[in-house]
There are 2 protein chains.
Amino acid sequence: MTDTRGYHHGDLRRALLAAALDVIEEDGQAALSLRDLARRAGVSHAAPAHHFGDKAGLRTALATQGFDLLAQELAAAGDDLLAAGVAYVDFAVRHRAHFEVMFRPELYRADDPDLIAARQRASAALRSQVATLPSGGAPADTDRDALAAWSIAHGFATLWLAGALPERVGDDPREAARAVLRRLGT
Amino acid sequence: MTDTRGYHHGDLRRALLAAALDVIEEDGQAALSLRDLARRAGVSHAAPAHHFGDKAGLRTALATQGFDLLAQELAAAGDDLLAAGVAYVDFAVRHRAHFEVMFRPELYRADDPDLIAARQRASAALRSQVATLPSGGAPADTDRDALAAWSIAHGFATLWLAGALPERVGDDPREAARAVLRRLGT
DNA sequence: GAGCAATCTTGTCACTGGCAAGATTGCGCG
DNA sequence: CGCGCAATCTTGCCAGTGACAAGATTGCTC
C-alpha cells in the first residue's frame, strides 16, 4: 500500500492526511497548502479536492481523527482524574497538529456528523473520569468540577504548545502537568 | 485625524490595526489579508508594507497592543486573584482578536523587543496577583500556584472562544468563569 | 467485456504576499 | 524662503494558492 505509482495513487486520502500532520507539526497551520500536499504525495494539484472537497474538508478529517485519538488515550488513562489530565496534556504535546486543529472550529466544518460524533466520544471519556470523583452530590458540582478540570488541563496544554510558559517548568510536559494539575485538589 | 484624503493617509498605521481587529473578530485569523486592509483604509495594496514590513509585522503590533491591554486590565482587577482570573477571561472575550494573536507566536515575530517588553508587563501583573495569596512559604509553591491559576483561566477562556463548552454554562463569561475559577480554592 | 463510478489530470481564474521602482508630500535646515 | 531629504504612498510585477470545470484513466460490477 501507499503505492504512488500509476494513475491511481491507491491510498491518497491517508497519505494526504499524514502529510498534512507533518506540515502542521513542522511549519504551523498557516503553512498548510493543498498543492504542497499534492506534490508530496506525487499527485496533481487538484487531486486532494476529490477526497476532501476543500481545505476545510481536510481539516475536518484531521479534527475527527484527533477527537477519536483523544477519546482513546483518555480512556486508556483509567479511572484516575489526575492521570486523565496528564494524558490530556500528553496528547496535546504528542499530537500537536491534531490538537491545534481540533480547537479551532473556524478552520473546519464543525457541523460534520462524523466530527460531532467523535467529539462526543472524547467528551464522554472526559466526563466519565470526572464522575469517579467523590462528588458533593449535586450534579451541578460535577459539571463545575468537569469544567475546572478540563480548563486547567486544556490551559496548561495550550500554554505549553504556545511556548508561553517560563523555562523553569522544565522540558517534561507530563511531570510539569502533574505538578500543576494536583493543585486542583483531586 | 483618520483623514483618508490626499496622498498621505495621515493615520494609516492606526487605521490598519483597527481594521485588522475587525476582520479577525468577524472572520477569523485566516481571513486577514493585507490587501483587504489596504482597501478598507482606501490606500494602495502595498501601503501596509511600509508600516509593518509584512503580515507577521502587523500581527506583532497587534500582539504587543494586546499584552499591554491585558496588563492594564489585570492591574485594574486589584489584589484579588479570583477577580484577576475573571478579568483574564473577560479580556479574552472582549478582545478576542487580540487574544487569539497573542498566544500564537508562530504568526508574529516573537523576538520583537517591544513585544517582549509588553508581554513581561502582562506577566508581571499576573504574578503580582498570585503573590497576594497566603503562600505555603516556598517560592516553588508560588510558581506552581501561578501556573495553575494561569492555566485554568487561560483554558477556560480558550475553550469559551472555541465554542467548545456545553450550552449549559450560559452566556455570561464572567459569571461562568467565576464559578469555575473558584474551584481552584482561592 | 461493457458500462459505470471513482479517481486523478489539465487548464484556468481570482486572489494573495512580497518585492522593486517610482511618485508625492511634509519637514528640517541652510 | 526654498532646497533637499526622508517618510509615505503608488504602480507594476511575479510566484504561489484555493477553487472550479472539463476531461482522461482506471478498477469494479454485473
# chains A, B, ... in the order shown; residues from 1 in each chain; ligands from 1
call {"tool": "residues_around", "arguments": {"residues": "A:Phe156", "least_positions_apart": "6", "cutoff": "10 Å", "atoms": "only C-alpha atoms (C1' of nucleotides)", "output": "list in words"}}
result
Gly85, Tyr88, Val89, Ala92, Trp150, Ala162, Ala164, Leu165, Pro173, Ala176, Ala177, Val180 and Leu181 of chain A; Leu147, Ala148, Ala149, Trp150, Ser151, Ile152, Ala153, His154 and Gly155 of chain B
call {"tool": "write_last_selection", "arguments": {"atoms": "N, CA and C atoms", "output": "PDB file, in the first residue's frame"}}
result
ATOM      1  N   GLY A  85      -5.890  13.931  33.265  1.00  0.00           N
ATOM      2  CA  GLY A  85      -5.401  15.274  32.963  1.00  0.00           C
ATOM      3  C   GLY A  85      -4.021  15.230  32.341  1.00  0.00           C
ATOM      4  N   TYR A  88      -4.281  14.089  28.885  1.00  0.00           N
ATOM      5  CA  TYR A  88      -4.789  15.161  28.018  1.00  0.00           C
ATOM      6  C   TYR A  88      -3.642  16.043  27.544  1.00  0.00           C
ATOM      7  N   VAL A  89      -2.815  16.466  28.483  1.00  0.00           N
ATOM      8  CA  VAL A  89      -1.669  17.320  28.144  1.00  0.00           C
ATOM      9  C   VAL A  89      -0.705  16.558  27.245  1.00  0.00           C
ATOM     10  N   ALA A  92      -1.884  16.444  23.749  1.00  0.00           N
ATOM     11  CA  ALA A  92      -1.696  17.715  23.047  1.00  0.00           C
ATOM     12  C   ALA A  92      -0.266  17.875  22.562  1.00  0.00           C
ATOM     13  N   TRP A 150     -11.164  20.256  33.006  1.00  0.00           N
ATOM     14  CA  TRP A 150     -10.912  20.419  31.577  1.00  0.00           C
ATOM     15  C   TRP A 150     -10.149  21.717  31.325  1.00  0.00           C
ATOM     16  N   ALA A 162       2.146  26.864  23.067  1.00  0.00           N
ATOM     17  CA  ALA A 162       2.425  28.218  22.586  1.00  0.00           C
ATOM     18  C   ALA A 162       3.816  28.678  22.992  1.00  0.00           C
ATOM     19  N   ALA A 164       4.552  29.617  25.865  1.00  0.00           N
ATOM     20  CA  ALA A 164       4.336  30.787  26.717  1.00  0.00           C
ATOM     21  C   ALA A 164       4.814  30.583  28.150  1.00  0.00           C
ATOM     22  N   LEU A 165       5.090  29.346  28.504  1.00  0.00           N
ATOM     23  CA  LEU A 165       5.476  29.065  29.891  1.00  0.00           C
ATOM     24  C   LEU A 165       6.956  29.396  30.136  1.00  0.00           C
ATOM     25  N   PRO A 173       6.648  17.580  29.793  1.00  0.00           N
ATOM     26  CA  PRO A 173       5.277  18.072  29.934  1.00  0.00           C
ATOM     27  C   PRO A 173       4.454  17.242  30.920  1.00  0.00           C
ATOM     28  N   ALA A 176       5.525  18.248  34.525  1.00  0.00           N
ATOM     29  CA  ALA A 176       5.093  19.618  34.806  1.00  0.00           C
ATOM     30  C   ALA A 176       3.575  19.684  34.950  1.00  0.00           C
ATOM     31  N   ALA A 177       2.877  18.964  34.089  1.00  0.00           N
ATOM     32  CA  ALA A 177       1.419  18.968  34.146  1.00  0.00           C
ATOM     33  C   ALA A 177       0.930  18.372  35.469  1.00  0.00           C
ATOM     34  N   VAL A 180       1.048  20.810  38.307  1.00  0.00           N
ATOM     35  CA  VAL A 180       0.041  21.868  38.234  1.00  0.00           C
ATOM     36  C   VAL A 180      -1.363  21.315  38.475  1.00  0.00           C
ATOM     37  N   LEU A 181      -1.646  20.179  37.870  1.00  0.00           N
ATOM     38  CA  LEU A 181      -2.989  19.607  37.966  1.00  0.00           C
ATOM     39  C   LEU A 181      -3.310  19.203  39.408  1.00  0.00           C
TER      40      LEU A 181
ATOM     41  N   LEU B 147       1.118  29.098  37.943  1.00  0.00           N
ATOM     42  CA  LEU B 147       0.883  28.291  36.748  1.00  0.00           C
ATOM     43  C   LEU B 147      -0.522  27.714  36.729  1.00  0.00           C
ATOM     44  N   ALA B 148      -0.946  27.226  37.889  1.00  0.00           N
ATOM     45  CA  ALA B 148      -2.279  26.625  37.971  1.00  0.00           C
ATOM     46  C   ALA B 148      -3.350  27.674  37.696  1.00  0.00           C
ATOM     47  N   ALA B 149      -3.186  28.838  38.294  1.00  0.00           N
ATOM     48  CA  ALA B 149      -4.177  29.901  38.113  1.00  0.00           C
ATOM     49  C   ALA B 149      -4.213  30.354  36.659  1.00  0.00           C
ATOM     50  N   TRP B 150      -3.039  30.550  36.111  1.00  0.00           N
ATOM     51  CA  TRP B 150      -2.951  30.979  34.716  1.00  0.00           C
ATOM     52  C   TRP B 150      -3.580  29.916  33.814  1.00  0.00           C
ATOM     53  N   SER B 151      -3.251  28.664  34.071  1.00  0.00           N
ATOM     54  CA  SER B 151      -3.747  27.573  33.231  1.00  0.00           C
ATOM     55  C   SER B 151      -5.263  27.511  33.239  1.00  0.00           C
ATOM     56  N   ILE B 152      -5.850  27.579  34.405  1.00  0.00           N
ATOM     57  CA  ILE B 152      -7.305  27.399  34.463  1.00  0.00           C
ATOM     58  C   ILE B 152      -8.021  28.579  33.813  1.00  0.00           C
ATOM     59  N   ALA B 153      -7.496  29.781  34.036  1.00  0.00           N
ATOM     60  CA  ALA B 153      -8.112  30.951  33.412  1.00  0.00           C
ATOM     61  C   ALA B 153      -7.914  30.903  31.897  1.00  0.00           C
ATOM     62  N   HIS B 154      -6.708  30.590  31.494  1.00  0.00           N
ATOM     63  CA  HIS B 154      -6.407  30.542  30.057  1.00  0.00           C
ATOM     64  C   HIS B 154      -7.207  29.434  29.373  1.00  0.00           C
ATOM     65  N   GLY B 155      -7.270  28.295  30.041  1.00  0.00           N
ATOM     66  CA  GLY B 155      -8.008  27.183  29.466  1.00  0.00           C
ATOM     67  C   GLY B 155      -9.486  27.499  29.314  1.00  0.00           C
TER      68      GLY B 155
END
call {"tool": "residues_around", "arguments": {"residues": "D:DA22", "least_positions_apart": "4", "cutoff": "12 Å", "atoms": "only C-alpha atoms (C1' of nucleotides)", "output": "list in words"}}
result
DT9, DT10, DG11 and DT12 of chain C
call {"tool": "interface_residues", "arguments": {"of": "chain C", "to": "chain B", "cutoff": "12 Å", "atoms": "only C-alpha atoms (C1' of nucleotides)", "output": "PyMOL selection string"}}
result
chain C and resi 15-20+23-26
call {"tool": "select_by_dssp", "arguments": {"residues": "stretch 13-178 of chain A", "states": "helix (DSSP H, G or I)", "output": "number ranges by chain"}}
result
A: 13-27, 29-31, 34-41, 47-52, 55-76, 81-94, 96-102, 105-107, 113-130, 139-162, 167-169, 173-178
call {"tool": "closest_residue", "arguments": {"among": "A:Ala56, A:Leu161, A:Ala41, A:Leu16", "to": "chain D", "atoms": "only C-alpha atoms (C1' of nucleotides)"}}
result
A:Ala56
call {"tool": "closest_atom_pairs", "arguments": {"of": "stretch 36-129 of chain B", "to": "stretch 26-31 of chain A", "cutoff": "12 Å", "atoms": "only C-alpha atoms", "output": "Markdown table"}}
result
| residue | atom | partner | partner_atom | distance |
| --- | --- | --- | --- | --- |
| B:Lys55 | CA | A:Ala30 | CA | 11.9 |
| B:Ala56 | CA | A:Ala30 | CA | 11.6 |
| B:Arg104 | CA | A:Gly28 | CA | 9.9 |
| B:Pro105 | CA | A:Gly28 | CA | 10.3 |
| B:Glu106 | CA | A:Gly28 | CA | 7.1 |
| B:Leu107 | CA | A:Ala30 | CA | 8.2 |
| B:Tyr108 | CA | A:Ala30 | CA | 11.7 |
call {"tool": "write_last_selection", "arguments": {"atoms": "C-alpha atoms", "output": "short mmCIF file (atom, residue, chain, number, x, y, z; two decimals), in the first residue's frame"}}
result
data_model
loop_
_atom_site.label_atom_id
_atom_site.label_comp_id
_atom_site.auth_asym_id
_atom_site.auth_seq_id
_atom_site.Cartn_x
_atom_site.Cartn_y
_atom_site.Cartn_z
CA LYS B 55 1.91 40.28 7.69
CA ALA B 56 3.94 38.99 10.64
CA ARG B 104 0.01 32.15 18.51
CA PRO B 105 3.67 33.19 18.36
CA GLU B 106 4.26 31.38 15.09
CA LEU B 107 2.17 34.10 13.47
CA TYR B 108 4.33 37.02 14.54
#
call {"tool": "closest_residue", "arguments": {"among": "D:DA21, D:DC9, D:DC30, D:DC14", "to": "chain B", "atoms": "only C-alpha atoms (C1' of nucleotides)"}}
result
D:DC9
call {"tool": "closest_residue", "arguments": {"among": "B:Asp22, B:Asp11, B:Asp68, B:Glu167", "to": "B:Gln120", "atoms": "only C-alpha atoms"}}
result
B:Asp68
